[in-house]
Structures are given as structure tokens and as C-alpha cells.
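Next up, target.txt (compact mmCIF, C-alpha atoms):
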```txt
# COMPACT_ATOMS: atom_id res chain seq x y z
CA MET A 1019 -36.98 13.70 -10.26
CA LYS A 1020 -34.39 11.03 -9.61
CA ILE A 1021 -32.23 12.34 -12.45
CA GLN A 1022 -32.45 15.85 -11.00
CA GLN A 1023 -31.39 14.61 -7.57
CA MET A 1024 -28.48 12.70 -9.10
CA ALA A 1025 -27.46 15.80 -11.07
CA PHE A 1026 -27.47 17.96 -7.91
CA VAL A 1027 -25.32 15.42 -6.08
CA LEU A 1028 -22.87 15.24 -8.98
CA ILE A 1029 -22.60 19.04 -9.17
CA ALA A 1030 -21.99 19.24 -5.41
CA LEU A 1031 -19.26 16.58 -5.67
CA MET A 1032 -17.58 18.41 -8.55
CA ILE A 1033 -17.58 21.72 -6.62
CA PHE A 1034 -16.15 19.94 -3.60
CA PHE A 1035 -13.31 18.31 -5.57
CA ALA A 1036 -12.59 21.65 -7.28
CA MET A 1037 -12.19 23.33 -3.85
CA VAL A 1038 -9.88 20.54 -2.66
CA GLY A 1039 -7.80 20.90 -5.82
CA LEU A 1040 -7.57 24.70 -5.40
CA PHE A 1041 -6.46 24.32 -1.79
CA TYR A 1042 -3.78 21.78 -2.76
CA PHE A 1043 -2.38 23.87 -5.63
CA SER A 1044 -2.29 27.03 -3.50
CA ILE A 1045 -0.03 25.19 -1.02
CA ARG A 1046 2.22 23.87 -3.81
CA THR A 1047 2.61 27.23 -5.60
CA SER A 1048 3.53 29.06 -2.37
CA SER A 1049 6.61 26.81 -2.03
CA LEU A 1050 7.34 27.36 -5.75
CA LYS A 1051 7.54 31.14 -5.19
CA GLU A 1052 10.07 30.61 -2.39
CA ASP A 1053 12.14 28.30 -4.65
CA ALA A 1054 12.05 30.86 -7.48
CA ARG A 1055 13.20 33.64 -5.14
CA SER A 1056 16.14 31.65 -3.80
CA LEU A 1057 17.11 30.63 -7.36
CA ARG A 1058 17.21 34.31 -8.42
CA GLU A 1059 19.39 35.12 -5.39
CA GLU A 1060 21.79 32.30 -6.27
CA GLU A 1061 22.01 33.52 -9.87
CA ALA A 1062 22.80 37.06 -8.72
CA THR A 1063 25.51 35.76 -6.36
CA GLU A 1064 27.02 33.68 -9.18
CA MET A 1065 27.06 36.69 -11.53
CA VAL A 1066 28.79 38.81 -8.89
CA ARG A 1067 31.37 36.08 -8.38
CA LYS A 1068 32.09 36.03 -12.13
CA ILE A 1069 33.36 39.62 -11.80
CA ALA A 1070 36.35 38.10 -9.99
CA SER A 1071 37.33 36.36 -13.25
CA PHE A 1072 37.45 39.62 -15.30
CA PRO A 1073 41.02 40.25 -16.58
CA GLU A 1074 41.08 43.56 -14.65
CA PHE A 1075 40.65 41.69 -11.34
CA ARG A 1076 41.95 38.18 -11.95
CA TRP A 1077 44.82 36.89 -9.79
CA ASP A 1078 47.20 35.32 -12.28
CA ILE A 1079 49.41 33.32 -9.89
CA GLY A 1080 48.37 29.70 -9.65
CA SER A 1081 44.92 28.50 -10.65
CA CYS A 1082 42.29 30.17 -8.50
CA ASP A 1083 38.86 30.94 -9.92
CA ASN A 1084 37.67 33.07 -7.02
CA CYS A 1085 40.84 35.08 -6.39
CA ILE A 1086 40.98 38.83 -6.98
CA ASP A 1087 44.24 40.72 -7.40
CA PHE A 1088 43.78 43.47 -4.80
CA ASP A 1089 46.88 45.34 -6.04
CA LYS A 1090 45.40 45.59 -9.56
CA ALA A 1091 41.99 46.59 -8.20
CA LEU A 1092 43.53 49.47 -6.22
CA LEU A 1093 45.15 50.81 -9.39
CA LEU A 1094 41.78 50.63 -11.18
CA LYS A 1095 40.24 52.95 -8.61
CA ASN A 1096 42.25 55.90 -9.84
CA ARG A 1097 42.07 55.19 -13.58
CA LYS A 1098 39.51 57.42 -15.26
CA VAL A 1099 39.52 55.31 -18.44
CA TYR A 1100 37.58 52.62 -16.54
CA GLU A 1101 34.83 54.98 -15.41
CA GLY A 1102 31.58 53.65 -16.89
CA PHE A 1103 33.35 50.55 -18.27
CA TRP A 1104 31.06 48.17 -16.43
CA ALA A 1105 27.28 48.61 -16.38
CA LEU A 1106 27.23 48.68 -12.60
CA ASP A 1107 25.90 51.23 -10.10
CA TYR A 1108 27.96 49.90 -7.21
CA LEU A 1109 31.09 47.78 -7.02
CA ALA A 1110 33.15 47.28 -3.89
CA LEU A 1111 35.65 44.82 -2.48
CA GLU A 1112 35.95 44.15 1.23
CA ILE A 1113 38.44 42.11 3.23
CA ILE A 1114 36.53 40.24 5.93
CA TYR A 1115 39.43 38.75 7.87
CA PRO A 1116 41.61 40.18 9.29
CA GLU A 1117 39.05 42.93 9.98
CA LYS A 1118 39.99 46.39 8.81
CA THR A 1119 37.47 49.15 8.17
CA GLU A 1120 39.43 51.93 6.41
CA GLU A 1121 38.75 52.70 2.80
CA CYS A 1122 41.81 51.85 0.72
CA SER A 1123 43.89 54.50 -0.99
CA ILE A 1124 47.48 54.69 -2.23
CA SER A 1125 48.53 56.32 1.07
CA ASN A 1126 47.21 53.69 3.50
CA TYR A 1127 47.49 50.49 1.42
CA PRO A 1128 47.70 47.67 2.55
CA ASP A 1129 46.53 48.67 6.05
CA CYS A 1130 42.95 49.00 4.88
CA GLY A 1131 39.96 46.76 4.36
CA LYS A 1132 37.55 48.22 1.81
CA LEU A 1133 37.92 49.33 -1.79
CA THR A 1134 34.95 51.07 -3.42
CA LEU A 1135 35.40 51.16 -7.19
CA ILE A 1136 31.97 52.36 -8.31
CA ASN A 1137 29.35 54.21 -6.28
CA LYS A 1138 26.83 56.12 -8.33
CA GLY A 1139 24.94 57.00 -5.18
CA ASP A 1140 21.56 56.23 -6.74
CA ASN A 1141 18.96 54.02 -5.23
CA TYR A 1142 20.39 50.67 -6.32
CA GLY A 1143 18.90 48.63 -3.49
CA ILE A 1144 20.83 45.97 -1.59
CA PRO A 1145 23.95 44.91 -3.51
CA SER A 1146 24.47 41.22 -4.24
CA SER A 1147 27.61 39.77 -2.74
CA ALA A 1148 29.83 36.73 -3.06
CA PHE A 1149 32.72 35.35 -1.02
CA VAL A 1150 36.06 35.58 -2.80
CA LEU A 1151 39.77 35.68 -1.93
CA MET A 1152 41.60 39.03 -2.03
CA CYS A 1153 45.21 38.34 -2.98
CA ARG A 1154 48.27 40.57 -3.09
CA GLN A 1155 52.03 40.36 -2.97
CA ALA A 1156 53.12 40.82 0.64
CA SER A 1157 56.60 41.30 1.95
CA SER A 1158 58.27 40.07 5.10
CA GLY A 1159 61.86 40.21 6.29
CA ASN A 1160 62.63 37.07 4.28
CA GLY A 1161 61.11 37.98 0.94
CA ILE A 1162 57.93 38.50 -1.02
CA TYR A 1163 55.10 35.99 -0.88
CA PRO A 1164 51.52 35.76 -2.17
CA LYS A 1165 48.97 36.48 0.53
CA CYS A 1166 45.25 35.76 0.07
CA MET A 1167 42.57 36.88 2.52
CA ILE A 1168 38.91 35.97 2.67
CA GLY A 1169 36.75 38.81 1.41
CA LYS A 1170 33.53 39.76 -0.30
CA ILE A 1171 32.71 41.42 -3.57
CA TYR A 1172 29.58 43.57 -3.66
CA ALA A 1173 27.88 44.65 -6.87
CA ALA A 1174 24.61 46.26 -7.89
CA GLY A 1175 23.31 47.27 -11.26
CA LYS A 1176 21.35 46.06 -14.27
CA GLY A 1177 21.52 42.32 -14.62
CA VAL A 1178 23.04 41.72 -11.19
CA ASN A 1179 20.27 42.59 -8.78
CA SER A 1180 17.68 39.85 -8.22
CA MET B 655 -39.07 10.53 -0.45
CA ASN B 656 -37.57 12.28 2.57
CA ARG B 657 -35.62 9.16 3.42
CA ARG B 658 -34.16 9.02 -0.08
CA GLY B 659 -32.95 12.60 0.23
CA GLN B 660 -31.43 11.86 3.62
CA GLU B 661 -29.71 8.75 2.26
CA GLU B 662 -28.20 10.78 -0.56
CA ILE B 663 -26.94 13.45 1.88
CA VAL B 664 -25.37 10.78 4.11
CA GLY B 665 -23.66 9.28 1.07
CA PHE B 666 -22.35 12.70 0.07
CA VAL B 667 -21.01 13.38 3.59
CA ILE B 668 -19.23 10.01 3.63
CA VAL B 669 -17.54 10.85 0.31
CA VAL B 670 -16.49 14.27 1.67
CA VAL B 671 -15.04 12.77 4.86
CA LEU B 672 -13.16 10.07 2.89
CA VAL B 673 -11.64 12.61 0.51
CA ALA B 674 -10.67 14.89 3.42
CA VAL B 675 -8.93 12.02 5.26
CA ILE B 676 -7.04 10.90 2.11
CA PHE B 677 -5.99 14.50 1.41
CA LEU B 678 -4.70 15.02 4.96
CA ILE B 679 -2.69 11.77 4.80
CA PHE B 680 -1.20 12.84 1.45
CA LEU B 681 -0.36 16.31 2.78
CA GLY B 682 1.25 14.83 5.89
CA ILE B 683 3.43 12.50 3.80
CA SER B 684 4.59 15.28 1.47
CA VAL B 685 5.41 17.66 4.37
CA ARG B 686 7.36 14.90 6.15
CA GLN B 687 9.39 14.23 2.98
CA GLU B 688 10.39 17.93 2.79
CA ASN B 689 11.54 17.86 6.44
CA LYS B 690 13.83 14.85 5.83
CA SER B 691 16.16 16.94 3.66
CA ALA B 692 16.53 19.63 6.32
CA VAL B 693 20.09 20.42 5.28
CA LYS B 694 19.92 22.50 2.12
CA GLU B 695 23.07 22.71 -0.01
CA ASN B 696 23.91 26.38 -0.16
CA LYS B 697 26.09 27.88 -2.91
CA GLU B 698 27.05 30.90 -0.83
CA ILE B 699 28.34 28.66 1.97
CA ARG B 700 30.26 26.56 -0.57
CA GLN B 701 31.93 29.76 -1.87
CA PHE B 702 32.61 30.74 1.74
CA LEU B 703 34.26 27.39 2.55
CA SER B 704 36.33 27.53 -0.63
CA SER B 705 37.55 31.03 0.35
CA VAL B 706 38.27 29.96 3.95
CA MET B 707 40.44 27.07 2.74
CA GLY B 708 42.36 29.37 0.40
CA HIS B 709 43.00 32.04 3.04
CA THR B 710 46.71 32.45 3.83
CA SER B 711 47.28 31.93 7.54
CA THR B 712 50.00 33.55 9.65
CA CYS B 713 51.42 30.11 10.52
CA ALA B 714 54.58 28.95 8.76
CA LEU B 715 55.51 25.31 9.42
CA ASN B 716 59.01 25.11 7.95
CA PHE B 717 60.35 28.59 7.28
CA GLU B 718 59.12 32.13 6.80
CA PRO B 719 57.57 33.45 4.62
CA ASN B 720 56.22 30.01 3.56
CA TYR B 721 52.87 30.62 5.28
CA VAL B 722 50.35 27.80 4.98
CA SER B 723 46.81 28.21 3.71
CA MET B 724 43.92 27.27 6.01
CA GLY B 725 43.27 24.18 3.85
CA GLY B 726 46.92 23.23 4.25
CA LEU B 727 46.60 23.63 8.02
CA VAL B 728 43.51 21.38 8.09
CA LYS B 729 45.49 18.74 6.20
CA GLU B 730 48.50 19.18 8.52
CA CYS B 731 46.27 18.90 11.57
CA TYR B 732 44.89 15.60 10.22
CA GLU B 733 48.29 14.13 9.34
CA HIS B 734 50.34 15.38 12.31
CA ASN B 735 48.22 16.76 15.12
CA ASP B 736 51.35 17.75 17.04
CA ALA B 737 52.70 19.98 14.24
CA LYS B 738 53.89 23.41 15.36
CA CYS B 739 54.07 26.78 13.67
CA ILE B 740 57.46 28.50 13.70
CA SER B 741 56.06 30.81 16.41
CA GLY B 742 55.86 27.72 18.68
CA GLU B 743 52.05 27.48 18.71
CA ASN B 744 50.41 24.11 18.03
CA ALA B 745 49.12 24.14 14.44
CA CYS B 746 45.74 22.56 15.28
CA GLU B 747 45.06 25.02 18.11
CA PHE B 748 46.10 27.90 15.87
CA LEU B 749 43.77 26.59 13.14
CA LYS B 750 40.77 26.34 15.48
CA LYS B 751 41.39 29.81 16.92
CA THR B 752 41.70 31.37 13.44
CA LEU B 753 38.63 29.54 12.12
CA LYS B 754 36.52 30.83 15.03
CA GLU B 755 37.66 34.38 14.34
CA MET B 756 36.92 34.02 10.62
CA PHE B 757 33.44 32.61 11.23
CA LYS B 758 32.69 35.39 13.69
CA ALA B 759 33.80 38.04 11.18
CA SER B 760 31.87 36.49 8.28
CA TRP B 761 28.46 35.65 9.78
CA ASN B 762 26.23 37.79 11.93
CA ILE B 763 25.28 35.41 14.71
CA VAL B 764 23.71 37.54 17.43
CA ASN B 765 20.49 37.37 19.44
CA GLY B 766 17.60 38.27 17.20
CA SER B 767 19.27 37.49 13.87
CA SER B 768 17.87 34.84 11.55
CA THR B 769 21.11 32.85 11.88
CA LYS B 770 21.10 31.12 15.25
CA GLY B 771 24.50 29.43 15.11
CA TYR B 772 26.93 27.36 13.09
CA ILE B 773 28.68 24.00 13.12
CA PHE B 774 32.02 23.32 11.45
CA LYS B 775 33.51 19.85 11.16
CA ALA B 776 36.58 18.48 9.45
CA GLU B 777 36.23 14.72 9.00
CA TYR B 778 38.20 11.96 7.35
CA GLY B 779 37.30 8.50 6.15
CA LYS B 780 35.50 6.78 3.33
CA ASN B 781 32.17 5.55 4.68
CA ASN B 782 32.19 6.26 8.42
CA LEU B 783 33.52 9.77 8.71
CA LYS B 784 35.41 10.65 11.89
CA ALA B 785 35.71 14.26 12.96
CA PHE B 786 39.11 15.59 14.02
CA ILE B 787 38.04 19.23 14.22
CA GLU B 788 34.68 20.39 15.56
CA ILE B 789 33.73 24.01 16.16
CA SER B 790 30.27 25.27 16.93
CA GLU B 791 28.56 28.33 18.29
CA GLY B 792 25.02 29.33 19.12
CA LYS B 793 21.94 27.14 19.30
CA CYS B 794 21.15 24.81 16.42
CA GLY B 795 17.70 23.34 15.84
CA ASN B 796 16.46 21.27 12.92
CA ARG B 797 16.92 23.75 10.09
CA PHE B 798 20.35 24.03 8.47
CA SER B 799 21.92 25.35 5.34
CA GLY B 800 25.39 24.07 4.58
CA ALA B 801 28.04 22.89 2.19
CA GLU B 802 31.10 20.66 2.04
CA TYR B 803 34.65 21.12 0.78
CA LEU B 804 36.91 18.20 -0.10
CA LEU B 805 40.65 18.12 0.52
CA PRO B 806 42.91 15.27 -0.58
CA GLY B 807 44.23 13.55 2.55
CA PHE B 808 47.07 11.10 3.23
CA SER B 809 45.10 7.95 2.48
CA GLU B 810 41.51 9.19 2.66
CA GLN B 811 39.68 12.34 1.71
CA ILE B 812 39.19 15.09 4.24
CA VAL B 813 35.69 16.56 4.22
CA SER B 814 35.21 20.01 5.71
CA GLU B 815 31.58 20.80 6.39
CA PHE B 816 30.06 24.10 7.47
CA LYS B 817 26.42 24.44 8.46
CA LEU B 818 24.49 27.58 9.38
CA CYS B 819 21.57 27.02 11.72
CA TYR B 820 18.26 28.89 11.44
```
Could you render the structure as C-alpha cells?
Amino acid sequence: MKIQQMAFVLIALMIFFAMVGLFYFSIRTSSLKEDARSLREEEATEMVRKIASFPEFRWDIGSCDNCIDFDKALLLKNRKVYEGFWALDYLALEIIYPEKTEECSISNYPDCGKLTLINKGDNYGIPSSAFVLMCRQASSGNGIYPKCMIGKIYAAGKGVNS
Amino acid sequence: MNRRGQEEIVGFVIVVVLVAVIFLIFLGISVRQENKSAVKENKEIRQFLSSVMGHTSTCALNFEPNYVSMGGLVKECYEHNDAKCISGENACEFLKKTLKEMFKASWNIVNGSSTKGYIFKAEYGKNNLKAFIEISEGKCGNRFSGAEYLLPGFSEQIVSEFKLCY
């Protein structure tokens, strides 16, 4: 009888500690999911930023890892040989400041703010983005000088989206 | 016999209460430790700061078209706070005005958005940092996400810090 009573108490204690443990681990894993999500977002942003270092986009004046040659990128827009070159559904460059909303073309460059290079129009979700510098050769009355403006690169496709 | 059963139940309840108290203390300590590091280093904001500092301003200090970058203007503002652009405008005032416009264009800080405001500081020094530029907007509580950017200064490093408030 005494052994039975002891056994019941022990079983009750074990069930109680198991419930406490479950409660604790459910709190810990909920914060782990949030950490995993933000890590995936950071990876996607880093991959998008690496596009700026592709030879087709890289600004070759000075040493600048996050600088895109906007003049080169505009020429890429009209080159059919680069269609399908990158496994992306959407790729666009945008100058954030100074704010300009027109889509860039040969006729309105450089008085424009957005350059869409790839837009397959499919359901690619929300593109990942990264802050970069959009650089070009600008001219003033006294000569030509390199001008870099803060911008964003947007990309969506296999391996980029989180 | 009944008394034995009651004694065992009382003992069990005491164990349950003790474990519950210890668990709550442990949970409280771990939650408080997470709150201490309320400023989370954010890669996106670090990229943003790096791009801001590389942005070519429309202020030339010596001659045109030798326009200074925003990082160069921060440095100039620290070394000579009375420096002037060729247009006649004070370089520090021009820098603050341009930074505000850039922050407004880059981050959606409106009523109802998850981002409640921002704080930007440029500081110099080794141990006790002193701010020489401070710009802020919106309402900031206890939750931040931010990053720092270092610029070499005259005798000390210049630290530019940008924090988004949630």
C-alpha cells in the first residue's frame, strides 16, 4: 500500500515536471523561429547586395564594394543577349535620393530614378532589397566628375527570396 | 490512513509551488537579459549608413566640380564647423538638411507604420563619445535597431550611428 502511494506520488511529480519542461521549451522555440526568420531575411539581403559586385554592374572607379555603375546598367536594359542571363524573375535599381520616379530610358537619362532590368510579371512575391550606391559620370560646366547617389537594388527569384 | 494521504498531498503541493516559484524567477531573469540588449545590430541599416556616407553631395568646399561625399562633409563638420560650401551655405547646416531629406526618402516613418522614428548621431572620441551632430524624428521608445559607421577623424575616430525606433 505504501509502495503504491509512493509510486502514485512519483508519477504525479514526473508528469508535473514534464509539463513545466514543455512550457519552457515552447517559449524558447518561439524565439528561435523569429531568429531563424530574421537570419533568412539577412541572407536574402546579402545575396541581393552581391549582385552589385557582378562585372556587368560593378563601378570600377575607386574601391567601392556596394557601388553600381548606373551608366552600364542602362545599357544592359536594351541588350537582348543578357535576357535570361541571370536566374531572376525581377531585378530593378532605384535611386532613393534625390527622389525621381520616372523609369529610365535612353531618352530621359539621367533625369530618371528607376531602372527595371527584369520583370517576368509572374507571382514572385515581395522582392528582397539592399541599399547600394548608384554611380555615374556626371558633367558640370567645369568638367566631368563621378557622382554616386544612395539607391536600392531589388531582386526576386530562385535562391534570393527568403 | 487519511492523515497519511493528506500529508502526502501537502508535500506534493509544496513541491509544485517551489518549482513554480523557481521557474518564474528563472523566466524573469532570462527575459530581463534579453531586454538589456535592446539595440539590435542591423545589417540593412549598416548598408544604409555605408551608402549615405558614400553619397555625393551638392556641396563643393574648394572648387567645382570637386563635390564632397556625405562622409567627407561629416568629417569637415567635425574638423571645421564653420566650413562653407562654394554656394555660401554653412557645410554643417547643409549636411544636416541633406541628411534629414535622405532619411525621409529612405524610411517610411508615418503614423501607423512599424517604424516610429529614428535617431542619427555623429560622435567623436575614444571612450566618452561626444556628439557634434544629432538628428531625430518621431517618437522613440525602448526598442531600437541600429548600426554604426566609422570614419577616420583628425585625432580620434568619428562614429556615425543610426537607430530606427519601433
Worksheet item: Is there a way to get, as a list in words, all residues within 6 Å of the point (37.4, 19.9, 5.7) in file coordinates, counting all atoms listed in the file?
Response: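 Protein and nucleic acid residues near the point are Ala776, Tyr803, Ile812, Val813, Ser814 and Glu815 of chain B.
With all atoms listed in the file taken into account, chain B has Glu698, Gln701, Phe702, Ser705, Val706, His709, Thr710, Glu718, Pro719, Met756, Ala759 and Ser760 of chain B at most 7 Å from chain A.
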Item to complete: May I have the residues within 9 Å of Ser723 in chain B as a list in words, using all atoms listed in the file and disregarding those fewer than 2 positions away in the same chain?
Response: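 Near neighbours after the sequence-gap exclusion: Cys1166 of chain A; Val706, Met707, Gly708, His709, Thr710, Ser711, Thr712, Cys713, Tyr721, Gly725, Gly726, Leu727 and Val728 of chain B.
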Practice prompt. Take CA of Phe757 in chain B and CA of Ile1113 in chain A and report the distance between them in Å, one decimal.
Written response: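 Between CA of Phe757 in chain B and CA of Ile1113 in chain A the gap works out to 13.4 Å.
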Discussion item. When you look at Asn744 in chain B with a cut-off of 10 Å (counting all atoms listed in the file), what residues show up, excluding the ones that are within fewer than 6 positions of it in the same chain? I need them as JSON, numbers by chain.
Written reply: {"B": [713, 731, 735, 736, 737, 738]}
Item to complete: Kindly give the distance, in Å, that separates CA of Lys817 in chain B and CA of Lys775 in chain B, rounded to a single decimal.
Response: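 CA of Lys817 in chain B sits 8.9 Å away from CA of Lys775 in chain B.
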So that I can check the surroundings of Asn765 in chain B, please list as a compact mmCIF listing (two decimals) with C-alpha atoms, in the coordinates of the input every protein, DNA and RNA residue that reaches within 12 Å of it, counting all atoms listed in the file and ignoring chain neighbours fewer than 6 positions away.
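Contents of the output file selection27.txt:
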```txt
# COMPACT_ATOMS: atom_id res chain seq x y z
CA GLY B 771 24.50 29.43 15.11
CA GLY B 792 25.02 29.33 19.12
CA LYS B 793 21.94 27.14 19.30
CA TYR B 820 18.26 28.89 11.44
```
Practice prompt. Between CA of Ile1079 in chain A and CA of Asn1126 in chain A, measure the distance and give it in Å to one decimal.
Written response: 24.5 Å
Counting only C-alpha atoms, what is within 6 Å of Gly1131 in chain A, bar same-chain residues fewer than 2 positions away, as a JSON list (two decimals) with C-alpha atoms, in the frame of the given file?
```json
[["chain", "number", "residue", "atom", "x", "y", "z"],
["A", 1112, "GLU", "CA", 35.95, 44.15, 1.23],
["A", 1113, "ILE", "CA", 38.44, 42.11, 3.23],
["A", 1118, "LYS", "CA", 39.99, 46.39, 8.81],
["A", 1119, "THR", "CA", 37.47, 49.15, 8.17],
["A", 1120, "GLU", "CA", 39.43, 51.93, 6.41]]
```
Item to complete: Rank A:Leu1111, A:Leu1135, A:Cys1122, A:Leu1057 by their smallest atom-to-atom distance to Asn696 in chain B, using all atoms listed in the file, and report the top residue only.
Response: A:Leu1057
